[in-house]
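Worksheet for the structure shown next.
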Amino acid sequence: MASTYLRLHLHRPCFSSTTAGIKINSKSKSLRLNKHHPFSYPALLHSSNPHFPSLPSKFPITGVQSNPSPNNSDLAPTPPSDRTFTAHDMASLWVGLVVGVPTYYLAGTLVDLGMSWIQALSTVFLANLVVLLTLVLSAVPGAAHGIPFPVLARAAFGSRGAHVASLLRALVGCGWFGIESWIGGRAVFLLLPPQFKSSSFLSPIPWLGTSLLEFSCFMVFWSAQLAIVWKGMDGIRKLEKYSAPILIFLTCSLLTWAYVKAGGFGKMLSLPSRLSKPEFWSIFFPSLTANVSFWATVAINIPDFSRYARSQKDQILGQAGMPIFMGLFTFAGLAITSATEVIFGRVISDPIQLLGKIGGLSTTLVAIFGISLATITTNIAANVVAPANALVNLNPRRFNFATGALVTALLGIAFQPWRLLSSSESFVYTWLLGYSALMGPIGGVLLTDYYLVKKMELDVSALYLDDPTSPYYYQKGFNIKALVALLAGVLPIIPGFLQKVGVSSNTLEVFVVAYNNAWFVSFFISSAVYWLLCQYRGSGKNLKTI
């Protein structure tokens, strides 16, 4: 049967262009759509779409299935009508992310290590300048092409190799989801009557590692977050937008209370560093790495949000204030913690414990509302979106965003966050530094591939194909060069990690230093290895946006 292929160039604002495969049967005069092409279906079925040309009416459309594409709509390029994130929305997102209990903890940890307040504040600000650079660079392809992180990862790691990067990011997100939910559960615990807190339900269960009462509070908060997540990205955007001013107001109120009760912050401002110069530098670099690692996860999957930005200008301006937000909230955390020594006679670095001591039912209710709101806004945006999208990318027929979020939440329980938060040292030097050895290489490969190898040019339609015709298919769906580069970045960090967790005691100093600077070392090693491998034999086809 004679047939001819026609390739239509369909121009859409949400990405530079795509091509749709159509087969014309010369005998029956019908059009048969290429079932493997992700954009041919919406383009041709919705002829009223002004971004697509109309098809001749004499050609009836055949070969259309109800779910033809192997890709879920949650991963499809964001259409112009859904690109509504303004610079204000992006800034609100970051206010919601920054204002939270873990950020408060992180600031106090640096002072506990011996830094002065200005040293701690400077370390946090510098680390977040580094994060901002990677955030903006990583957000560009999302805003340019409307694609989420798992799809962008296909360009560098391959259509199937992208699962490695997205699932590694997802696992860290699941761990963080559990940690944040446990913190929120502690806030719920504060609301309980005193008789409950002294009951037998507060006795720890050995196999669980915590009490039934505390675990129940954790599950209550865990469930509340799922109700918001179930509404999808629009519900998340509205939550972040309207919660930002509330969080700023509550933080300022607590800071004002501490200032008035303590008679100013003079003691904090005059507190000198307890570290000598050599001691400071030995603390500074691990602390800098820990602060970079704090947002290294979001720096990788920021395309999940920037794909909804109206323009590059909106995503850049909206994120530009992130180091300032972090600096201001860090100062507030340091000031309030220092004031507690004057007010209560001892340092209280735990904000939940502090709010429980302020007293008064109305004050407690407002405080708990603030902590819950801060935790939810951080947790959903930073720790749900990336794992949910990774699961959709892994199996688009079985998962959508909502079911992916449910699995994320369930894995968050499996991480047993009450054990991860057993000490501040395990939180900062094991958890934060440890996972940065995974986030650094992924970020290094992605940025090197997009800016240095692909020269910011992507064939967006080909990213959604999983067959040898796609330039992103590489070697049976895997880009071996990217995977080798990722492994090259991780390996030097492993000896230092094993020494930190007590598995190994005889570790060379060079590996200890590498672990203390895990994100920087792994990022630059993977970037360099990937670039060199691509220079040696090229990297797939020389792509141009069609």
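Going through the structure tokens in order, the chains are called A, B, and so on, while each chain numbers its residues from 1 and the ligands are numbered from 1 in the order shown.
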Long-range neighbours of region 391-404 of chain A as a compact mmCIF listing (two decimals) with C-alpha atoms, in the first residue's frame, 12 Å cut-off, only C-alpha atoms, 4 positions minimum in chain:
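In the end it all went to out-v7.txt:
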# COMPACT_ATOMS: atom_id res chain seq x y z
CA ASN A 67 -3.73 7.34 25.68
CA PRO A 68 -1.30 7.16 22.79
CA SER A 69 1.78 8.71 24.28
CA PRO A 70 4.16 6.84 26.58
CA ASN A 71 4.52 10.11 28.48
CA ASN A 72 2.18 11.37 31.20
CA SER A 73 0.60 14.81 30.74
CA ASP A 74 2.21 15.90 34.02
CA LEU A 75 5.58 15.80 32.21
CA ALA A 76 4.45 17.42 28.93
CA ILE A 147 10.01 21.01 30.62
CA PRO A 148 10.41 19.54 34.13
CA PHE A 149 13.60 18.17 35.62
CA PRO A 150 13.09 14.47 34.72
CA VAL A 151 12.62 15.40 31.06
CA LEU A 152 15.61 17.76 31.05
CA ALA A 153 17.71 14.96 32.56
CA ARG A 154 16.99 12.85 29.45
CA SER A 159 15.80 8.62 27.84
CA ARG A 160 16.28 5.78 30.34
CA GLY A 161 19.43 6.90 32.12
CA ALA A 162 17.48 9.94 33.34
CA HIS A 163 15.79 7.61 35.82
CA VAL A 164 19.12 7.31 37.67
CA ALA A 165 19.38 11.06 38.22
CA SER A 166 15.71 11.66 38.98
CA LEU A 167 15.41 8.72 41.40
CA LEU A 168 18.54 9.74 43.32
CA ARG A 169 17.04 13.20 43.69
CA ALA A 170 13.72 11.62 44.66
CA LEU A 171 15.24 9.50 47.44
CA CYS A 174 11.68 11.48 50.47
CA GLN A 225 0.08 17.83 53.70
CA LEU A 226 -1.32 15.23 51.31
CA ALA A 227 -4.62 17.13 51.15
CA ILE A 228 -2.75 20.13 49.71
CA VAL A 229 -0.56 18.08 47.39
CA TRP A 230 -3.61 16.38 45.90
CA LYS A 231 -4.64 19.70 44.31
CA GLY A 232 -1.50 19.73 42.16
CA MET A 233 0.85 22.58 41.25
CA GLY A 235 -2.69 24.47 44.87
CA ASP A 304 9.87 21.76 37.89
CA ASN A 383 10.45 17.62 48.85
CA VAL A 384 7.30 16.47 47.05
CA VAL A 385 7.42 17.92 43.54
CA ALA A 386 10.74 16.32 42.45
CA PRO A 387 10.05 12.78 43.77
CA THR A 408 6.89 10.00 48.29
CA ALA A 409 5.05 10.51 51.56
CA LEU A 410 5.03 6.78 52.32
CA LEU A 411 8.78 6.53 51.71
CA LEU A 463 13.09 14.25 24.56
CA TYR A 464 9.75 12.46 24.70
CA ASP A 466 12.21 6.36 23.70
Kindly assemble as CSV a list of the region 118-195 of chain A residues that lie within 10 Å of region 266-280 of chain A, each paired with its nearest atom pair and their distance in Å to one decimal, using only C-alpha atoms, sorted first by chain and then by ascending residue number.
residue,atom,partner,partner_atom,distance
A:Ile118,CA,A:Leu269,CA,8.1
A:Gln119,CA,A:Ser273,CA,8.0
A:Ala120,CA,A:Ser273,CA,9.7
Distance in Å - CA of Phe511 (chain A) versus CA of Gly496 (chain A): 5.2 Å
Which of region 172-260 of chain A fall in alpha helix (DSSP H), as number ranges by chain: A: 172-190, 194-197, 212-229, 232-260
Nearest residue to Thr337 (chain A) from the set A:Thr109, A:Ser526, A:Asn517, A:Ser436 (distances using only C-alpha atoms): A:Thr109
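Taking CA of Ile413 (chain A) as the reference point, CA of Val366 (chain A) is found at 27.2 Å.
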Extract, using only C-alpha atoms, all DNA, RNA and protein residues at most 12 Å from Arg307 (chain A), discarding same-chain residues fewer than 3 positions from it, and format them as a short mmCIF file (atom, residue, chain, number, x, y, z; two decimals) with all heavy atoms, in the first residue's frame.
data_model
loop_
_atom_site.label_atom_id
_atom_site.label_comp_id
_atom_site.auth_asym_id
_atom_site.auth_seq_id
_atom_site.Cartn_x
_atom_site.Cartn_y
_atom_site.Cartn_z
N CYS A 14 5.44 27.63 23.89
CA CYS A 14 5.98 26.96 25.08
C CYS A 14 7.32 26.29 24.82
O CYS A 14 8.00 25.92 25.74
CB CYS A 14 4.97 25.96 25.65
SG CYS A 14 4.65 24.56 24.57
N PHE A 15 7.70 26.12 23.57
CA PHE A 15 9.05 25.69 23.24
C PHE A 15 9.30 26.15 21.82
O PHE A 15 8.39 26.56 21.11
CB PHE A 15 9.24 24.18 23.40
CG PHE A 15 8.15 23.34 22.84
CD1 PHE A 15 8.15 22.99 21.49
CD2 PHE A 15 7.13 22.90 23.65
CE1 PHE A 15 7.15 22.22 20.98
CE2 PHE A 15 6.11 22.12 23.12
CZ PHE A 15 6.12 21.78 21.79
N ASP A 74 1.53 15.13 32.99
CA ASP A 74 2.21 15.90 34.02
C ASP A 74 3.64 16.27 33.61
O ASP A 74 4.23 17.20 34.18
CB ASP A 74 2.26 15.12 35.34
CG ASP A 74 0.90 15.06 36.02
OD1 ASP A 74 0.15 16.04 35.91
OD2 ASP A 74 0.59 14.03 36.64
N LEU A 75 4.21 15.54 32.65
CA LEU A 75 5.58 15.80 32.21
C LEU A 75 5.62 16.54 30.88
O LEU A 75 6.70 16.92 30.42
CB LEU A 75 6.35 14.48 32.06
CG LEU A 75 6.60 13.67 33.33
CD1 LEU A 75 7.38 12.41 32.99
CD2 LEU A 75 7.34 14.49 34.37
N ALA A 76 4.48 16.75 30.23
CA ALA A 76 4.45 17.42 28.93
C ALA A 76 4.88 18.87 29.08
O ALA A 76 4.74 19.47 30.15
CB ALA A 76 3.05 17.34 28.34
N PRO A 77 5.43 19.47 28.02
CA PRO A 77 5.81 20.89 28.09
C PRO A 77 4.63 21.76 28.53
O PRO A 77 3.51 21.57 28.07
CB PRO A 77 6.23 21.21 26.65
CG PRO A 77 6.68 19.91 26.11
CD PRO A 77 5.79 18.88 26.72
N THR A 78 4.90 22.68 29.42
CA THR A 78 3.85 23.55 29.95
C THR A 78 3.34 24.48 28.85
O THR A 78 4.13 25.24 28.28
CB THR A 78 4.38 24.39 31.13
OG1 THR A 78 4.95 23.51 32.09
CG2 THR A 78 3.26 25.19 31.77
N PRO A 79 2.05 24.47 28.55
CA PRO A 79 1.52 25.37 27.52
C PRO A 79 1.53 26.82 28.00
O PRO A 79 1.58 27.08 29.21
CB PRO A 79 0.09 24.86 27.31
CG PRO A 79 -0.27 24.20 28.59
CD PRO A 79 1.00 23.60 29.12
N PRO A 80 1.47 27.78 27.08
CA PRO A 80 1.53 29.20 27.46
C PRO A 80 0.44 29.59 28.46
O PRO A 80 0.68 30.43 29.33
CB PRO A 80 1.34 29.93 26.12
CG PRO A 80 1.79 28.96 25.10
CD PRO A 80 1.44 27.60 25.61
N SER A 81 -0.73 28.99 28.35
CA SER A 81 -1.83 29.36 29.24
C SER A 81 -1.56 29.01 30.69
O SER A 81 -2.15 29.60 31.61
CB SER A 81 -3.12 28.66 28.79
OG SER A 81 -2.95 27.25 28.80
N ASP A 82 -0.66 28.04 30.92
CA ASP A 82 -0.33 27.63 32.29
C ASP A 82 0.95 28.28 32.82
O ASP A 82 1.36 28.00 33.94
CB ASP A 82 -0.18 26.11 32.36
CG ASP A 82 -1.50 25.39 32.16
OD1 ASP A 82 -2.55 26.03 32.39
OD2 ASP A 82 -1.50 24.21 31.78
N ARG A 83 1.55 29.12 32.02
CA ARG A 83 2.78 29.80 32.46
C ARG A 83 2.40 31.10 33.16
O ARG A 83 2.41 32.17 32.57
CB ARG A 83 3.70 30.06 31.29
CG ARG A 83 4.23 28.78 30.67
CD ARG A 83 5.26 29.08 29.62
NE ARG A 83 5.90 27.87 29.15
CZ ARG A 83 7.09 27.81 28.62
NH1 ARG A 83 7.80 28.92 28.48
NH2 ARG A 83 7.60 26.67 28.22
N THR A 84 2.08 30.97 34.42
CA THR A 84 1.52 32.10 35.17
C THR A 84 2.40 32.57 36.31
O THR A 84 2.06 33.54 36.99
CB THR A 84 0.14 31.70 35.73
OG1 THR A 84 0.29 30.53 36.56
CG2 THR A 84 -0.83 31.39 34.61
N PHE A 85 3.52 31.91 36.57
CA PHE A 85 4.37 32.30 37.69
C PHE A 85 5.07 33.62 37.37
O PHE A 85 5.86 33.72 36.44
CB PHE A 85 5.43 31.23 37.96
CG PHE A 85 4.96 30.10 38.84
CD1 PHE A 85 3.65 29.66 38.79
CD2 PHE A 85 5.83 29.47 39.72
CE1 PHE A 85 3.21 28.61 39.59
CE2 PHE A 85 5.41 28.42 40.52
CZ PHE A 85 4.09 27.99 40.46
N THR A 86 4.75 34.64 38.16
CA THR A 86 5.43 35.93 38.02
C THR A 86 6.68 35.94 38.90
O THR A 86 6.94 35.00 39.64
CB THR A 86 4.50 37.07 38.45
OG1 THR A 86 4.19 36.90 39.85
CG2 THR A 86 3.20 37.06 37.64
N MET A 90 7.60 33.55 42.21
CA MET A 90 8.86 32.85 42.45
C MET A 90 9.50 33.30 43.76
O MET A 90 10.06 32.50 44.50
CB MET A 90 9.82 33.09 41.28
CG MET A 90 9.39 32.47 39.96
SD MET A 90 9.32 30.66 39.98
CE MET A 90 11.06 30.23 40.09
N SER A 138 20.18 26.45 36.24
CA SER A 138 19.36 25.24 36.08
C SER A 138 17.92 25.57 35.69
O SER A 138 17.24 24.76 35.05
CB SER A 138 19.34 24.43 37.38
OG SER A 138 20.64 23.99 37.72
N ALA A 139 17.45 26.75 36.07
CA ALA A 139 16.07 27.14 35.79
C ALA A 139 15.87 27.58 34.34
O ALA A 139 14.74 27.55 33.84
CB ALA A 139 15.63 28.26 36.73
N VAL A 140 16.94 27.98 33.67
CA VAL A 140 16.83 28.51 32.31
C VAL A 140 16.16 27.53 31.34
O VAL A 140 15.21 27.88 30.64
CB VAL A 140 18.20 28.96 31.78
CG1 VAL A 140 18.16 29.20 30.27
CG2 VAL A 140 18.65 30.23 32.49
N PRO A 141 16.63 26.26 31.24
CA PRO A 141 15.96 25.34 30.30
C PRO A 141 14.51 25.07 30.65
O PRO A 141 13.68 24.86 29.76
CB PRO A 141 16.80 24.06 30.38
CG PRO A 141 17.56 24.16 31.66
CD PRO A 141 17.80 25.62 31.88
N GLY A 142 14.17 25.07 31.93
CA GLY A 142 12.78 24.88 32.31
C GLY A 142 11.90 26.01 31.80
O GLY A 142 10.81 25.78 31.26
N ALA A 143 12.36 27.24 31.98
CA ALA A 143 11.60 28.40 31.52
C ALA A 143 11.60 28.50 30.00
O ALA A 143 10.62 28.94 29.39
CB ALA A 143 12.17 29.68 32.14
N ALA A 144 12.69 28.10 29.35
CA ALA A 144 12.80 28.23 27.90
C ALA A 144 11.93 27.22 27.17
O ALA A 144 11.30 27.55 26.16
CB ALA A 144 14.26 28.06 27.48
N HIS A 145 11.89 25.99 27.68
CA HIS A 145 11.21 24.91 26.95
C HIS A 145 9.96 24.39 27.66
O HIS A 145 9.25 23.56 27.11
CB HIS A 145 12.17 23.75 26.73
CG HIS A 145 13.44 24.14 26.05
ND1 HIS A 145 13.50 24.52 24.73
CD2 HIS A 145 14.72 24.23 26.52
CE1 HIS A 145 14.75 24.83 24.40
NE2 HIS A 145 15.51 24.66 25.47
N GLY A 146 9.71 24.83 28.89
CA GLY A 146 8.53 24.37 29.62
C GLY A 146 8.62 22.94 30.09
O GLY A 146 7.59 22.30 30.33
N ILE A 147 9.84 22.42 30.26
CA ILE A 147 10.01 21.01 30.62
C ILE A 147 10.44 20.85 32.07
O ILE A 147 11.20 21.67 32.59
CB ILE A 147 11.03 20.31 29.70
CG1 ILE A 147 12.36 21.07 29.69
CG2 ILE A 147 10.47 20.18 28.29
CD1 ILE A 147 13.45 20.40 28.86
N PRO A 148 10.00 19.79 32.75
CA PRO A 148 10.41 19.54 34.13
C PRO A 148 11.78 18.87 34.19
O PRO A 148 12.34 18.46 33.17
CB PRO A 148 9.32 18.61 34.65
CG PRO A 148 8.88 17.84 33.44
CD PRO A 148 8.98 18.81 32.28
N PHE A 149 12.28 18.74 35.40
CA PHE A 149 13.60 18.17 35.62
C PHE A 149 13.78 16.76 35.05
O PHE A 149 14.78 16.49 34.38
CB PHE A 149 13.93 18.19 37.12
CG PHE A 149 15.01 17.23 37.54
CD1 PHE A 149 16.31 17.37 37.09
CD2 PHE A 149 14.72 16.17 38.40
CE1 PHE A 149 17.30 16.48 37.47
CE2 PHE A 149 15.69 15.28 38.79
CZ PHE A 149 17.00 15.43 38.33
N VAL A 151 12.52 15.33 32.52
CA VAL A 151 12.62 15.40 31.06
C VAL A 151 13.92 16.05 30.64
O VAL A 151 14.60 15.60 29.71
CB VAL A 151 11.40 16.15 30.46
CG1 VAL A 151 11.56 16.33 28.95
CG2 VAL A 151 10.12 15.39 30.78
N LEU A 152 14.32 17.12 31.34
CA LEU A 152 15.61 17.76 31.05
C LEU A 152 16.76 16.78 31.25
O LEU A 152 17.73 16.77 30.49
CB LEU A 152 15.80 18.98 31.95
CG LEU A 152 17.15 19.70 31.84
CD1 LEU A 152 17.35 20.28 30.44
CD2 LEU A 152 17.26 20.79 32.89
N MET A 233 -0.04 21.42 41.21
CA MET A 233 0.85 22.58 41.25
C MET A 233 0.10 23.88 41.50
O MET A 233 0.62 24.79 42.12
CB MET A 233 1.62 22.68 39.93
CG MET A 233 2.78 21.71 39.81
SD MET A 233 4.03 21.93 41.10
CE MET A 233 4.56 23.61 40.78
N ASN A 301 16.24 20.38 40.67
CA ASN A 301 14.90 20.23 40.09
C ASN A 301 14.13 21.54 39.98
O ASN A 301 12.91 21.53 39.83
CB ASN A 301 14.08 19.21 40.90
CG ASN A 301 13.57 19.75 42.22
OD1 ASN A 301 14.34 19.86 43.17
ND2 ASN A 301 12.29 20.07 42.30
N ILE A 302 14.83 22.68 40.02
CA ILE A 302 14.14 23.97 39.88
C ILE A 302 13.39 24.09 38.56
O ILE A 302 12.41 24.85 38.48
CB ILE A 302 15.14 25.14 40.07
CG1 ILE A 302 14.40 26.48 40.25
CG2 ILE A 302 16.12 25.22 38.92
CD1 ILE A 302 13.57 26.57 41.50
N PRO A 303 13.76 23.35 37.47
CA PRO A 303 12.92 23.40 36.26
C PRO A 303 11.48 22.96 36.51
O PRO A 303 10.59 23.36 35.76
CB PRO A 303 13.63 22.44 35.31
CG PRO A 303 15.06 22.49 35.70
CD PRO A 303 15.03 22.62 37.20
N ASP A 304 11.24 22.15 37.56
CA ASP A 304 9.87 21.76 37.89
C ASP A 304 9.01 22.98 38.21
O ASP A 304 7.77 22.92 38.08
CB ASP A 304 9.86 20.81 39.09
CG ASP A 304 10.45 19.45 38.77
OD1 ASP A 304 10.43 19.08 37.59
OD2 ASP A 304 10.92 18.77 39.69
N ARG A 310 6.51 32.96 33.59
CA ARG A 310 6.09 33.68 32.39
C ARG A 310 7.25 33.96 31.46
O ARG A 310 7.09 34.01 30.24
CB ARG A 310 5.42 35.00 32.78
CG ARG A 310 4.13 34.87 33.55
CD ARG A 310 3.45 36.21 33.71
NE ARG A 310 4.36 37.22 34.26
CZ ARG A 310 4.00 38.47 34.52
NH1 ARG A 310 2.76 38.87 34.26
NH2 ARG A 310 4.87 39.32 35.04
N SER A 311 8.45 34.17 32.04
CA SER A 311 9.62 34.51 31.23
C SER A 311 10.88 34.22 32.03
O SER A 311 10.83 33.96 33.24
CB SER A 311 9.58 36.00 30.85
OG SER A 311 9.70 36.80 32.01
N GLN A 312 12.03 34.30 31.34
CA GLN A 312 13.31 34.16 32.03
C GLN A 312 13.50 35.28 33.04
O GLN A 312 14.06 35.08 34.12
CB GLN A 312 14.46 34.18 31.02
CG GLN A 312 14.48 32.99 30.06
CD GLN A 312 14.86 31.68 30.73
OE1 GLN A 312 15.09 31.60 31.94
NE2 GLN A 312 14.93 30.61 29.94
N ASP A 314 11.26 36.74 34.83
CA ASP A 314 10.49 36.45 36.05
C ASP A 314 11.21 35.45 36.93
O ASP A 314 11.26 35.62 38.16
CB ASP A 314 9.10 35.92 35.67
CG ASP A 314 8.15 37.03 35.26
OD1 ASP A 314 7.87 37.90 36.07
OD2 ASP A 314 7.70 37.01 34.10
N GLN A 315 11.75 34.38 36.33
CA GLN A 315 12.41 33.37 37.17
C GLN A 315 13.70 33.90 37.77
O GLN A 315 14.04 33.57 38.90
CB GLN A 315 12.65 32.07 36.37
CG GLN A 315 13.71 32.11 35.28
CD GLN A 315 15.09 31.68 35.76
OE1 GLN A 315 15.28 31.43 36.96
NE2 GLN A 315 16.04 31.62 34.86
#
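Taking only C-alpha atoms into account, Ile352 (chain A) lies nearest to A:Leu190 out of the set A:Ala296, A:Leu190, A:Ile480, A:Ala87.
Checking A:Leu421, A:Phe305, A:Ile283, A:Tyr451 one by one against Val513 (chain A), counting only C-alpha atoms, you find the shortest gap at A:Ile283.
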Selected residue of minimal separation from Ser181 (chain A) among A:Phe344, A:Trp418, A:Phe294, A:Phe331, counting only C-alpha atoms: A:Trp418
Shell of 12 Å around Thr134 (chain A), only C-alpha atoms, local chain residues under 2 positions omitted, as JSON, numbers by chain: {"A": [127, 128, 129, 130, 131, 132, 136, 137, 138, 139, 140, 292, 293, 295, 296, 297, 298, 299, 300, 301, 302, 303, 316, 319, 320, 439, 440, 442, 443, 444, 446, 447, 448, 520, 523]}
Nearest candidate to Trp531 (chain A) (options A:Leu452, A:Tyr472, A:Ala390, A:Ala374; using only C-alpha atoms): A:Leu452
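For the choices A:Ser505, A:Ser338, A:Asn479, A:Ser287, the atom-to-atom distance to Asp350 (chain A) is smallest for A:Ser338 when using only C-alpha atoms.
The residue set within 12 Å of Ala367 (chain A), counting only C-alpha atoms and dropping same-chain residues fewer than 5 places from it, reads A:Gly184, A:Ala187, A:Val188, A:Leu190, A:Leu191, A:Ile246, A:Leu247, A:Phe249, A:Leu250, A:Thr251, A:Ser253, A:Leu254, A:Pro351, A:Ile352, A:Gln353, A:Leu354, A:Leu355, A:Gly356, A:Lys357, A:Ile358, A:Gly359, A:Gly360, A:Leu361, A:Ser362, A:Ser372, A:Leu373, A:Ala374.
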